[in-house]
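**Student:** Take a look at my_file18.txt, compact mmCIF, C-alpha atoms:
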# COMPACT_ATOMS: atom_id res chain seq x y z
CA MET A 21 -29.38 30.16 46.43
CA ARG A 22 -26.86 28.91 48.89
CA VAL A 23 -24.56 26.19 47.62
CA PRO A 24 -24.54 23.24 50.05
CA GLY A 25 -21.25 22.59 51.74
CA LEU A 26 -19.96 26.11 51.58
CA PRO A 27 -19.59 27.92 54.86
CA ARG A 28 -21.91 30.78 55.68
CA ARG A 29 -20.36 33.40 57.86
CA PRO A 30 -21.45 36.73 59.21
CA THR A 31 -20.76 39.55 56.80
CA SER A 32 -19.20 41.60 59.55
CA SER A 33 -16.33 39.14 60.00
CA PHE A 34 -15.68 38.45 56.34
CA THR A 35 -12.63 39.99 54.79
CA ALA A 36 -10.97 38.28 51.84
CA SER A 37 -10.21 34.81 50.50
CA SER A 38 -7.44 33.46 48.38
CA PHE A 39 -8.72 30.66 46.13
CA THR A 40 -5.92 29.40 43.96
CA ALA A 41 -4.55 26.48 42.04
CA SER A 42 -0.98 25.47 42.84
CA SER A 43 1.56 22.89 41.87
CA VAL A 44 2.23 20.33 44.62
CA ASP A 45 5.39 22.29 45.41
CA GLY A 46 3.64 25.62 45.91
CA PHE A 47 3.86 27.53 42.64
CA ILE A 48 0.88 29.33 41.11
CA ALA A 49 2.58 30.01 37.78
CA ASP A 50 5.65 28.56 36.12
CA PRO A 51 8.83 30.63 35.56
CA GLU A 52 7.38 32.00 32.28
CA ASP A 53 4.16 33.08 34.06
CA SER A 54 2.40 30.34 32.12
CA LEU A 55 -0.52 28.22 33.33
CA SER A 56 -0.06 25.54 30.66
CA TRP A 57 0.73 23.03 33.44
CA LEU A 58 -2.68 23.78 34.98
CA LEU A 59 -5.26 24.25 32.25
CA THR A 60 -5.10 20.73 30.83
CA ARG A 61 -6.20 19.10 34.10
CA ASP A 62 -9.56 17.56 34.82
CA VAL A 63 -11.77 19.42 37.32
CA ASP A 64 -15.50 19.86 37.87
CA VAL A 65 -15.96 23.58 38.56
CA HIS A 66 -19.39 22.76 40.00
CA GLY A 67 -17.99 19.90 42.08
CA PRO A 68 -16.54 19.77 45.59
CA MET A 69 -14.59 22.91 46.44
CA GLY A 70 -15.06 23.90 42.81
CA TYR A 71 -14.46 27.36 41.45
CA GLN A 72 -18.05 28.05 40.40
CA ALA A 73 -19.56 27.33 43.79
CA PHE A 74 -16.90 29.45 45.48
CA LEU A 75 -17.51 32.32 43.06
CA ASP A 76 -21.31 32.15 43.21
CA GLN A 77 -21.52 31.83 46.96
CA SER A 78 -18.66 33.81 48.42
CA VAL A 79 -17.39 36.46 46.06
CA GLY A 80 -18.63 40.03 45.64
CA ALA A 81 -15.46 41.77 44.46
CA LEU A 82 -12.11 40.81 42.93
CA ALA A 83 -8.58 41.89 43.80
CA MET A 84 -5.55 41.01 41.71
CA GLY A 85 -2.02 42.06 40.85
CA SER A 86 -0.78 43.22 37.48
CA THR A 87 0.53 39.79 36.37
CA THR A 88 -2.85 38.15 36.94
CA TYR A 89 -4.61 41.07 35.25
CA ARG A 90 -2.36 40.90 32.19
CA TRP A 91 -2.79 37.12 32.03
CA ILE A 92 -6.58 37.40 32.04
CA LEU A 93 -6.50 40.17 29.42
CA GLY A 94 -4.14 38.14 27.23
CA HIS A 95 -6.17 34.97 27.41
CA GLU A 96 -9.81 35.96 27.85
CA LEU A 97 -9.64 38.81 25.39
CA ALA A 98 -7.21 37.39 22.88
CA GLY A 99 -8.24 38.34 19.38
CA GLY A 100 -11.50 39.92 20.47
CA PRO A 101 -12.25 43.50 19.41
CA SER A 102 -14.39 44.50 22.38
CA ARG A 103 -11.83 44.37 25.19
CA ASP A 104 -14.66 43.67 27.61
CA TRP A 105 -13.49 42.60 31.04
CA PRO A 106 -14.79 39.05 31.51
CA TYR A 107 -15.94 39.46 35.11
CA ALA A 108 -19.16 41.22 36.05
CA LEU A 109 -17.90 41.71 39.60
CA PRO A 110 -16.21 44.96 40.62
CA THR A 111 -12.46 44.50 40.26
CA TRP A 112 -9.47 46.15 41.92
CA VAL A 113 -6.09 45.80 40.22
CA PHE A 114 -3.16 46.62 42.50
CA SER A 115 -0.32 47.91 40.39
CA THR A 116 2.26 50.65 40.18
CA GLN A 117 2.51 50.08 36.42
CA GLU A 118 0.58 51.62 33.57
CA LEU A 119 -1.75 48.88 32.39
CA PRO A 120 -3.84 48.35 29.26
CA ARG A 121 -7.49 49.08 30.04
CA ALA A 122 -10.49 46.90 29.41
CA GLN A 123 -14.17 47.85 29.51
CA GLY A 124 -15.77 46.88 32.78
CA ASP A 125 -16.20 47.62 36.47
CA LEU A 126 -12.48 47.91 36.87
CA ARG A 127 -10.05 50.20 38.66
CA VAL A 128 -6.26 50.20 38.90
CA VAL A 129 -5.08 51.32 42.33
CA ARG A 130 -1.80 51.73 44.21
CA GLY A 131 -0.69 51.40 47.74
CA ASP A 132 -1.76 49.57 50.86
CA VAL A 133 -4.46 46.96 50.44
CA ALA A 134 -5.94 48.03 53.80
CA ALA A 135 -6.62 51.52 52.44
CA HIS A 136 -8.75 50.08 49.64
CA HIS A 137 -10.36 47.30 51.63
CA PRO A 138 -13.37 49.29 52.88
CA ASP A 139 -14.28 50.25 49.31
CA MET A 140 -13.89 46.66 48.17
CA LEU A 141 -16.06 45.35 50.99
CA ALA A 142 -18.73 47.94 50.32
CA ALA A 143 -18.78 46.95 46.65
CA ALA A 144 -18.90 43.26 47.59
CA GLY A 145 -22.22 43.68 49.40
CA ASP A 146 -23.02 40.65 51.52
CA ARG A 147 -20.11 38.69 50.05
CA GLY A 148 -16.35 39.00 50.31
CA VAL A 149 -13.28 39.83 48.27
CA TRP A 150 -11.53 37.16 46.23
CA VAL A 151 -7.81 37.69 45.97
CA VAL A 152 -7.50 36.13 42.52
CA GLY A 153 -3.70 36.43 42.40
CA GLY A 154 -0.87 36.57 42.82
CA GLY A 155 0.75 35.25 45.93
CA GLU A 156 2.41 38.50 46.92
CA LEU A 157 -0.94 40.32 46.93
CA ALA A 158 -2.44 37.53 49.06
CA GLY A 159 0.54 38.00 51.38
CA GLN A 160 -0.20 41.73 51.65
CA PHE A 161 -3.78 40.92 52.64
CA ALA A 162 -2.44 38.46 55.22
CA ASP A 163 0.02 41.05 56.57
CA ALA A 164 -2.88 43.43 57.08
CA GLY A 165 -4.93 40.76 58.88
CA LEU A 166 -7.46 40.86 56.04
CA LEU A 167 -7.09 37.36 54.63
CA ASP A 168 -9.46 34.98 56.34
CA GLU A 169 -9.46 31.96 54.05
CA LEU A 170 -7.06 30.10 51.80
CA TRP A 171 -8.39 27.53 49.34
CA VAL A 172 -5.72 25.53 47.55
CA GLN A 173 -6.27 23.20 44.62
CA TRP A 174 -3.07 21.25 44.04
CA ALA A 175 -2.55 20.16 40.43
CA PRO A 176 -0.71 16.86 39.90
CA VAL A 177 2.66 18.30 38.94
CA ALA A 178 5.80 19.61 40.59
CA LEU A 179 7.17 22.70 38.84
CA GLY A 180 10.41 23.22 40.75
CA ALA A 181 10.28 27.00 40.25
CA GLY A 182 7.82 29.79 39.55
CA ALA A 183 5.59 32.31 41.29
CA PRO A 184 5.06 31.42 44.97
CA LEU A 185 1.66 30.57 46.42
CA LEU A 186 1.98 32.71 49.56
CA PRO A 187 5.42 34.18 50.24
CA ARG A 188 4.86 34.64 53.97
CA ARG A 189 4.86 32.64 57.18
CA VAL A 190 1.14 32.22 57.86
CA GLU A 191 -0.54 29.84 60.31
CA LEU A 192 -3.61 28.04 59.03
CA ARG A 193 -6.34 25.75 60.33
CA LEU A 194 -7.40 22.95 58.02
CA GLU A 195 -11.17 22.94 57.55
CA ASP A 196 -11.76 20.42 54.80
CA VAL A 197 -10.01 18.17 52.30
CA VAL A 198 -11.50 16.74 49.13
CA ARG A 199 -10.59 15.39 45.71
CA ASN A 200 -11.99 17.11 42.63
CA GLY A 201 -10.87 15.45 39.38
CA ASP A 202 -7.08 15.65 39.16
CA PHE A 203 -6.88 18.03 42.11
CA ALA A 204 -6.27 17.59 45.83
CA CYS A 205 -8.25 20.44 47.39
CA ALA A 206 -8.03 21.93 50.88
CA ARG A 207 -9.76 24.83 52.57
CA TYR A 208 -8.03 26.68 55.41
CA THR A 209 -8.92 29.39 57.87
CA VAL A 210 -6.08 31.89 58.12
CA LEU A 211 -5.13 32.35 61.78
CA PRO A 212 -4.22 35.79 63.10
CA PRO A 213 -0.52 36.57 63.45
CA VAL A 214 0.84 35.86 66.93
CA ALA A 215 2.19 39.02 68.54
CA GLY A 216 5.98 38.90 68.66
CA ALA A 217 6.18 35.79 66.48
CA GLN A 218 9.03 35.44 64.06
CA PRO A 219 7.79 36.53 60.65
CA MET B 10 0.31 -8.47 57.38
CA ARG B 11 -0.88 -6.23 54.63
CA VAL B 12 -2.29 -2.90 55.76
CA PRO B 13 -5.69 -2.29 54.14
CA GLY B 14 -5.84 0.60 51.75
CA LEU B 15 -2.19 0.55 50.79
CA PRO B 16 -1.44 -0.41 47.23
CA ARG B 17 0.23 -3.74 46.51
CA ARG B 18 2.49 -3.68 43.53
CA PRO B 19 4.77 -6.18 41.89
CA THR B 20 8.23 -6.08 43.39
CA SER B 21 9.74 -5.98 39.94
CA SER B 22 8.24 -2.58 39.18
CA PHE B 23 8.90 -0.97 42.53
CA THR B 24 11.69 1.56 42.74
CA ALA B 25 11.50 4.29 45.35
CA SER B 26 8.95 6.50 47.08
CA SER B 27 9.15 9.95 48.53
CA PHE B 28 6.91 10.26 51.58
CA THR B 29 7.22 13.70 53.06
CA ALA B 30 5.53 16.40 55.04
CA SER B 31 5.41 19.84 53.47
CA SER B 32 4.09 23.29 54.15
CA VAL B 33 1.15 24.23 51.92
CA ASP B 34 3.61 26.26 49.85
CA GLY B 35 5.99 23.36 49.20
CA PHE B 36 8.75 23.55 51.79
CA ILE B 37 9.97 20.51 53.72
CA ALA B 38 12.07 22.51 56.18
CA ASP B 39 12.12 26.17 57.12
CA PRO B 40 15.09 28.44 56.29
CA GLU B 41 16.89 27.31 59.48
CA ASP B 42 16.41 23.61 58.55
CA SER B 43 13.98 23.41 61.45
CA LEU B 44 10.85 21.25 61.63
CA SER B 45 9.34 23.20 64.53
CA TRP B 46 6.46 24.23 62.22
CA LEU B 47 5.70 20.55 61.65
CA LEU B 48 6.19 18.59 64.84
CA THR B 49 3.45 20.30 66.85
CA ARG B 50 0.68 19.19 64.48
CA ASP B 51 -1.92 16.55 65.11
CA VAL B 52 -1.60 13.36 63.06
CA ASP B 53 -2.45 9.68 63.53
CA VAL B 54 0.59 7.78 62.26
CA HIS B 55 -1.57 4.65 62.10
CA GLY B 56 -4.39 6.53 60.35
CA PRO B 57 -5.12 7.15 56.68
CA MET B 58 -1.93 7.62 54.65
CA GLY B 59 -0.10 7.59 57.98
CA TYR B 60 3.61 7.18 58.35
CA GLN B 61 3.51 3.88 60.23
CA ALA B 62 1.41 2.04 57.66
CA PHE B 63 3.61 3.37 54.87
CA LEU B 64 6.76 2.29 56.70
CA ASP B 65 5.47 -1.14 57.70
CA GLN B 66 4.00 -1.99 54.33
CA SER B 67 6.20 -0.40 51.70
CA VAL B 68 9.69 0.31 52.99
CA GLY B 69 12.70 -2.01 53.00
CA ALA B 70 15.55 0.49 52.81
CA LEU B 71 16.11 4.21 53.44
CA ALA B 72 17.84 6.86 51.37
CA MET B 73 18.55 10.36 52.61
CA GLY B 74 20.78 13.37 52.15
CA SER B 75 23.18 14.80 54.70
CA THR B 76 20.78 17.44 56.06
CA THR B 77 18.14 14.83 56.85
CA TYR B 78 20.78 12.54 58.34
CA ARG B 79 22.18 15.29 60.58
CA TRP B 80 18.66 16.28 61.63
CA ILE B 81 17.81 12.71 62.69
CA LEU B 82 21.13 12.36 64.53
CA GLY B 83 20.60 15.67 66.29
CA HIS B 84 17.06 14.93 67.37
CA GLU B 85 16.74 11.18 67.80
CA LEU B 86 20.11 10.80 69.48
CA ALA B 87 20.24 14.06 71.42
CA GLY B 88 21.79 13.46 74.80
CA GLY B 89 22.03 9.71 74.42
CA PRO B 90 25.40 7.99 74.89
CA SER B 91 24.82 5.08 72.50
CA ARG B 92 24.62 6.90 69.17
CA ASP B 93 22.49 4.06 67.88
CA TRP B 94 20.84 4.79 64.57
CA PRO B 95 17.10 4.79 65.27
CA TYR B 96 16.07 2.85 62.14
CA ALA B 97 16.47 -0.92 61.86
CA LEU B 98 16.24 -0.70 58.08
CA PRO B 99 19.39 -0.52 55.95
CA THR B 100 20.15 3.13 55.26
CA TRP B 101 22.04 4.92 52.49
CA VAL B 102 23.19 8.47 53.16
CA PHE B 103 24.10 10.38 49.99
CA SER B 104 26.73 12.94 50.87
CA THR B 105 30.03 14.34 49.73
CA GLN B 106 30.71 15.56 53.29
CA GLU B 107 32.39 13.84 56.18
CA LEU B 108 29.55 12.97 58.54
CA PRO B 109 29.40 11.90 62.19
CA ARG B 110 28.75 8.17 62.37
CA ALA B 111 26.10 6.33 64.30
CA GLN B 112 25.87 2.63 65.11
CA GLY B 113 23.56 0.82 62.73
CA ASP B 114 23.04 -0.60 59.25
CA LEU B 115 24.25 2.61 57.72
CA ARG B 116 26.50 3.61 54.85
CA VAL B 117 27.53 7.02 53.52
CA VAL B 118 27.87 6.99 49.74
CA ARG B 119 28.66 9.43 46.95
CA GLY B 120 27.64 9.83 43.37
CA ASP B 121 24.76 8.87 41.16
CA VAL B 122 21.71 7.41 42.90
CA ALA B 123 21.26 5.00 39.98
CA ALA B 124 24.64 3.42 40.72
CA HIS B 125 23.54 2.58 44.26
CA HIS B 126 19.95 1.68 43.46
CA PRO B 127 20.52 -2.05 42.75
CA ASP B 128 22.18 -2.46 46.16
CA MET B 129 19.35 -0.58 47.86
CA LEU B 130 16.68 -2.66 46.12
CA ALA B 131 18.48 -5.90 47.00
CA ALA B 132 18.65 -4.82 50.65
CA ALA B 133 14.99 -3.81 50.59
CA GLY B 134 13.87 -7.35 49.77
CA ASP B 135 10.25 -7.44 48.67
CA ARG B 136 9.74 -3.79 49.59
CA GLY B 137 11.04 -0.54 48.18
CA VAL B 138 13.29 2.38 49.01
CA TRP B 139 11.97 5.35 50.97
CA VAL B 140 13.61 8.61 50.00
CA VAL B 141 13.31 10.18 53.45
CA GLY B 142 14.71 13.54 52.36
CA GLY B 143 15.57 15.95 51.09
CA GLY B 144 13.90 17.29 48.02
CA GLU B 145 17.07 17.43 45.93
CA LEU B 146 17.73 13.73 46.53
CA ALA B 147 14.12 12.91 45.56
CA GLY B 148 14.74 14.98 42.43
CA GLN B 149 17.83 12.90 41.61
CA PHE B 150 15.76 9.73 41.93
CA ALA B 151 13.14 11.29 39.62
CA ASP B 152 15.81 12.32 37.10
CA ALA B 153 17.00 8.73 36.98
CA GLY B 154 13.43 7.43 36.47
CA LEU B 155 13.63 5.69 39.85
CA LEU B 156 10.97 7.57 41.78
CA ASP B 157 7.60 5.92 41.37
CA GLU B 158 5.54 7.48 44.15
CA LEU B 159 5.21 10.79 45.92
CA TRP B 160 3.22 11.01 49.15
CA VAL B 161 2.69 14.54 50.45
CA GLN B 162 1.29 15.47 53.84
CA TRP B 163 0.63 19.19 53.84
CA ALA B 164 0.84 20.83 57.27
CA PRO B 165 -1.48 23.79 57.91
CA VAL B 166 1.10 26.54 57.51
CA ALA B 167 2.72 28.59 54.78
CA LEU B 168 6.44 29.10 55.38
CA GLY B 169 7.29 31.46 52.52
CA ALA B 170 10.83 30.09 52.24
CA GLY B 171 12.88 27.01 53.04
CA ALA B 172 14.00 23.71 51.54
CA PRO B 173 11.96 22.78 48.45
CA LEU B 174 9.76 19.69 48.26
CA LEU B 175 10.89 18.56 44.81
CA PRO B 176 13.02 21.03 42.85
CA ARG B 177 12.17 19.57 39.45
CA ARG B 178 9.39 19.62 36.87
CA VAL B 179 7.73 16.24 37.42
CA GLU B 180 4.37 15.05 36.12
CA LEU B 181 2.20 13.16 38.61
CA ARG B 182 -1.04 11.23 38.67
CA LEU B 183 -3.23 11.75 41.72
CA GLU B 184 -4.20 8.41 43.28
CA ASP B 185 -5.86 9.34 46.53
CA VAL B 186 -6.66 12.27 48.83
CA VAL B 187 -7.45 12.08 52.53
CA ARG B 188 -7.40 14.11 55.70
CA ASN B 189 -5.33 12.86 58.64
CA GLY B 190 -5.55 15.15 61.67
CA ASP B 191 -4.19 18.57 60.74
CA PHE B 192 -2.83 17.30 57.43
CA ALA B 193 -4.17 17.22 53.88
CA CYS B 194 -2.60 14.08 52.40
CA ALA B 195 -2.23 13.02 48.78
CA ARG B 196 -0.59 10.06 47.10
CA TYR B 197 0.74 10.38 43.56
CA THR B 198 2.23 8.08 40.96
CA VAL B 199 5.26 9.71 39.37
CA LEU B 200 4.88 9.68 35.58
CA PRO B 201 7.86 9.02 33.35
CA PRO B 202 9.52 12.04 31.79
CA VAL B 203 8.21 12.83 28.29
CA ALA B 204 10.99 12.64 25.67
CA GLY B 205 11.88 16.09 24.45
CA ALA B 206 9.74 17.83 27.07
CA GLN B 207 10.89 21.10 28.52
CA PRO B 208 12.61 20.35 31.83
Hey, can you dump this file as structure tokens for me?
**Tutor:**
Amino acid sequence: MRVPGLPRRPTSSFTASSFTASSVDGFIADPEDSLSWLLTRDVDVHGPMGYQAFLDQSVGALAMGSTTYRWILGHELAGGPSRDWPYALPTWVFSTQELPRAQGDLRVVRGDVAAHHPDMLAAAGDRGVWVVGGGELAGQFADAGLLDELWVQWAPVALGAGAPLLPRRVELRLEDVVRNGDFACARYTVLPPVAGAQP
Amino acid sequence: MRVPGLPRRPTSSFTASSFTASSVDGFIADPEDSLSWLLTRDVDVHGPMGYQAFLDQSVGALAMGSTTYRWILGHELAGGPSRDWPYALPTWVFSTQELPRAQGDLRVVRGDVAAHHPDMLAAAGDRGVWVVGGGELAGQFADAGLLDELWVQWAPVALGAGAPLLPRRVELRLEDVVRNGDFACARYTVLPPVAGAQP
């Protein structure tokens, strides 16, 4: 079922989306890689620009860096004996490190995101790739011209320091703005890099 | 005349507001202190959460740092012989540098913002102080418990680097979210620091 209000786009043009919470000053994690500033906030995941609708409608595969992967393992699997990966969707972890393994449709890969993108898209079926985190990985997708959407959910806090949202110069087009609980939410189309533009 | 939709608050509780444009990743100027990424965007200054309504309704005095002051001098006064300061409102420039002077209700001061705040409030009459920029000065107002509002207008661009929006950990309460042209706009109440909280 299609969720009302979410854009439908031709599969052929769909590449990858970054859907991320951020502090108002553009950090996706605090200096200790903690999300304690985020997880106490009020949000309706089924509400406007909510996570669940985004996931159900748009996402067929996941991409993440090692920090995000370790965070999910540490929090979703804490204390559990099974070490099952919590996502049913096929997941690519981009890392040059050795990482603890969980049971699931999960692969740790190295190198250029563009080299792995065809496999991700094929696995995603008629949906796209969600760049779960972090910001540097989203930047690598943008560098390769493979990031087509950015969804930001700003939590009501300034952090002053931490992991950056998108450490690149990237032009965007605002598509929609909405409040969901404690969050100011915006959805952007990522515009292609201008040839010869200053990075 | 009161502008509809803007909050009215008792003068006694009003301290200072930061009203600022930002990139989506929390920078108020790019690494060259340029606003070229900002000034080309579409906005209605008389529209929702627009600059003109904020200025007309809420602001009785201006506070800024030396970078903001030099930027205004360089852009508003470029080529003009009069060197008139473009704002009619009494203005405090916080700087330890020697600065070029313009004609107007303008003073360059040093030291703690709290020491100058009574003078600013008295000059502001029944309105408040607008912390025009930059982020560090807004942070000093927040440190002193004198920042009561943050208005952010996010431009549709990630910069990746530049001058930070608010280089502090500051808790906020989201009051309102709106779109104005190319901008996602949010208004926050600044919450008082929690005693013993991690900075």
**Student:** Hey, can you check how far CA of Asp62 (chain A) sits from CA of Pro176 (chain A)?
**Tutor:** 10.2 Å
**Student:** Excluding region 111-126 of chain A and residues on its chain fewer than 5 positions from it, collect all residues at most 9 Å away from it, counting all atoms listed in the file, and give them as a ChimeraX atom specification.
**Tutor:** /A:81-86,88-90,93,102-106,131-133,136,140,157
**Student:** Could the residues of chain A within 10 Å of chain B, counting all atoms listed in the file, be given as a PDB file with C-alpha atoms, keeping the file's coordinate frame, please?
**Tutor:**
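Wrote part.pdb, looks like this:
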ATOM      1  CA  SER A  42      -0.980  25.470  42.840  1.00  0.00           C
ATOM      2  CA  SER A  43       1.560  22.890  41.870  1.00  0.00           C
ATOM      3  CA  VAL A  44       2.230  20.330  44.620  1.00  0.00           C
ATOM      4  CA  ASP A  45       5.390  22.290  45.410  1.00  0.00           C
ATOM      5  CA  GLY A  46       3.640  25.620  45.910  1.00  0.00           C
ATOM      6  CA  PHE A  47       3.860  27.530  42.640  1.00  0.00           C
ATOM      7  CA  ILE A  48       0.880  29.330  41.110  1.00  0.00           C
ATOM      8  CA  ASP A  50       5.650  28.560  36.120  1.00  0.00           C
ATOM      9  CA  TRP A  57       0.730  23.030  33.440  1.00  0.00           C
ATOM     10  CA  GLY A 159       0.540  38.000  51.380  1.00  0.00           C
ATOM     11  CA  VAL A 172      -5.720  25.530  47.550  1.00  0.00           C
ATOM     12  CA  TRP A 174      -3.070  21.250  44.040  1.00  0.00           C
ATOM     13  CA  ALA A 175      -2.550  20.160  40.430  1.00  0.00           C
ATOM     14  CA  PRO A 176      -0.710  16.860  39.900  1.00  0.00           C
ATOM     15  CA  VAL A 177       2.660  18.300  38.940  1.00  0.00           C
ATOM     16  CA  ALA A 178       5.800  19.610  40.590  1.00  0.00           C
ATOM     17  CA  LEU A 179       7.170  22.700  38.840  1.00  0.00           C
ATOM     18  CA  GLY A 180      10.410  23.220  40.750  1.00  0.00           C
ATOM     19  CA  ALA A 181      10.280  27.000  40.250  1.00  0.00           C
ATOM     20  CA  PRO A 184       5.060  31.420  44.970  1.00  0.00           C
ATOM     21  CA  LEU A 185       1.660  30.570  46.420  1.00  0.00           C
ATOM     22  CA  LEU A 186       1.980  32.710  49.560  1.00  0.00           C
ATOM     23  CA  PRO A 187       5.420  34.180  50.240  1.00  0.00           C
ATOM     24  CA  ARG A 188       4.860  34.640  53.970  1.00  0.00           C
ATOM     25  CA  ARG A 189       4.860  32.640  57.180  1.00  0.00           C
ATOM     26  CA  VAL A 190       1.140  32.220  57.860  1.00  0.00           C
ATOM     27  CA  GLU A 191      -0.540  29.840  60.310  1.00  0.00           C
ATOM     28  CA  LEU A 192      -3.610  28.040  59.030  1.00  0.00           C
ATOM     29  CA  ARG A 193      -6.340  25.750  60.330  1.00  0.00           C
ATOM     30  CA  LEU A 194      -7.400  22.950  58.020  1.00  0.00           C
ATOM     31  CA  GLU A 195     -11.170  22.940  57.550  1.00  0.00           C
ATOM     32  CA  ASP A 196     -11.760  20.420  54.800  1.00  0.00           C
ATOM     33  CA  VAL A 197     -10.010  18.170  52.300  1.00  0.00           C
ATOM     34  CA  VAL A 198     -11.500  16.740  49.130  1.00  0.00           C
ATOM     35  CA  ARG A 199     -10.590  15.390  45.710  1.00  0.00           C
ATOM     36  CA  ASN A 200     -11.990  17.110  42.630  1.00  0.00           C
ATOM     37  CA  GLY A 201     -10.870  15.450  39.380  1.00  0.00           C
ATOM     38  CA  ASP A 202      -7.080  15.650  39.160  1.00  0.00           C
ATOM     39  CA  PHE A 203      -6.880  18.030  42.110  1.00  0.00           C
ATOM     40  CA  ALA A 204      -6.270  17.590  45.830  1.00  0.00           C
ATOM     41  CA  CYS A 205      -8.250  20.440  47.390  1.00  0.00           C
ATOM     42  CA  ALA A 206      -8.030  21.930  50.880  1.00  0.00           C
ATOM     43  CA  ARG A 207      -9.760  24.830  52.570  1.00  0.00           C
ATOM     44  CA  TYR A 208      -8.030  26.680  55.410  1.00  0.00           C
ATOM     45  CA  THR A 209      -8.920  29.390  57.870  1.00  0.00           C
ATOM     46  CA  VAL A 210      -6.080  31.890  58.120  1.00  0.00           C
ATOM     47  CA  LEU A 211      -5.130  32.350  61.780  1.00  0.00           C
ATOM     48  CA  PRO A 219       7.790  36.530  60.650  1.00  0.00           C
TER      49      PRO A 219
END
**Student:** CA of Pro110 (chain A) to CA of Gly80 (chain A): how many Å, to one decimal?
**Tutor:**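 Going from CA of Pro110 (chain A) over to CA of Gly80 (chain A) covers 7.4 Å.
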**Student:** Quick one: distance from CA of Thr35 (chain A) to CA of Leu166 (chain A) in Å, one decimal?
**Tutor:**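 These two atoms are separated by 5.4 Å.
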**Student:** Which residue is closest to Thr87 (chain A)? Choose from A:Ala41, A:Met69, A:Leu58, A:Ala49 and count only C-alpha atoms.
**Tutor:** A:Ala49
**Student:** Quick one: of A:Trp91, A:Ala162, A:Val128, A:Ala143, who's nearest to Glu52 (chain A), counting only C-alpha atoms?
**Tutor:**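 The answer is A:Trp91, which sits nearest to Glu52 (chain A).
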**Student:** Save region 172-184 of chain B of the structure in the block above to a file, with N, CA and C atoms included, as a CSV table (one decimal), in the first residue's frame.
**Tutor:**
chain,number,residue,atom,x,y,z
B,172,ALA,N,31.1,29.1,9.6
B,172,ALA,CA,30.9,29.6,11.0
B,172,ALA,C,29.7,29.0,11.6
B,173,PRO,N,29.8,28.4,12.8
B,173,PRO,CA,28.7,27.6,13.4
B,173,PRO,C,27.5,28.5,13.9
B,174,LEU,N,26.4,27.9,13.8
B,174,LEU,CA,25.1,28.5,14.2
B,174,LEU,C,25.1,28.9,15.7
B,175,LEU,N,25.5,27.9,16.5
B,175,LEU,CA,25.4,28.1,18.0
B,175,LEU,C,26.3,27.1,18.6
B,176,PRO,N,27.6,27.5,18.8
B,176,PRO,CA,28.6,26.6,19.3
B,176,PRO,C,28.5,26.3,20.8
B,177,ARG,N,27.4,25.7,21.2
B,177,ARG,CA,27.1,25.4,22.6
B,177,ARG,C,26.1,24.2,22.6
B,178,ARG,N,26.0,23.6,23.7
B,178,ARG,CA,24.9,22.6,23.9
B,178,ARG,C,23.8,23.4,24.6
B,179,VAL,N,22.7,23.6,23.9
B,179,VAL,CA,21.6,24.4,24.4
B,179,VAL,C,20.3,23.6,24.1
B,180,GLU,N,19.5,23.4,25.2
B,180,GLU,CA,18.2,22.8,25.0
B,180,GLU,C,17.1,23.8,24.5
B,181,LEU,N,16.3,23.3,23.6
B,181,LEU,CA,15.3,24.2,23.0
B,181,LEU,C,13.9,23.6,23.1
B,182,ARG,N,12.9,24.4,22.9
B,182,ARG,CA,11.5,23.9,22.8
B,182,ARG,C,11.0,24.4,21.5
B,183,LEU,N,10.5,23.5,20.6
B,183,LEU,CA,10.0,23.9,19.3
B,183,LEU,C,8.7,24.6,19.5
B,184,GLU,N,8.5,25.8,18.9
B,184,GLU,CA,7.2,26.5,19.0
B,184,GLU,C,6.5,26.4,17.7
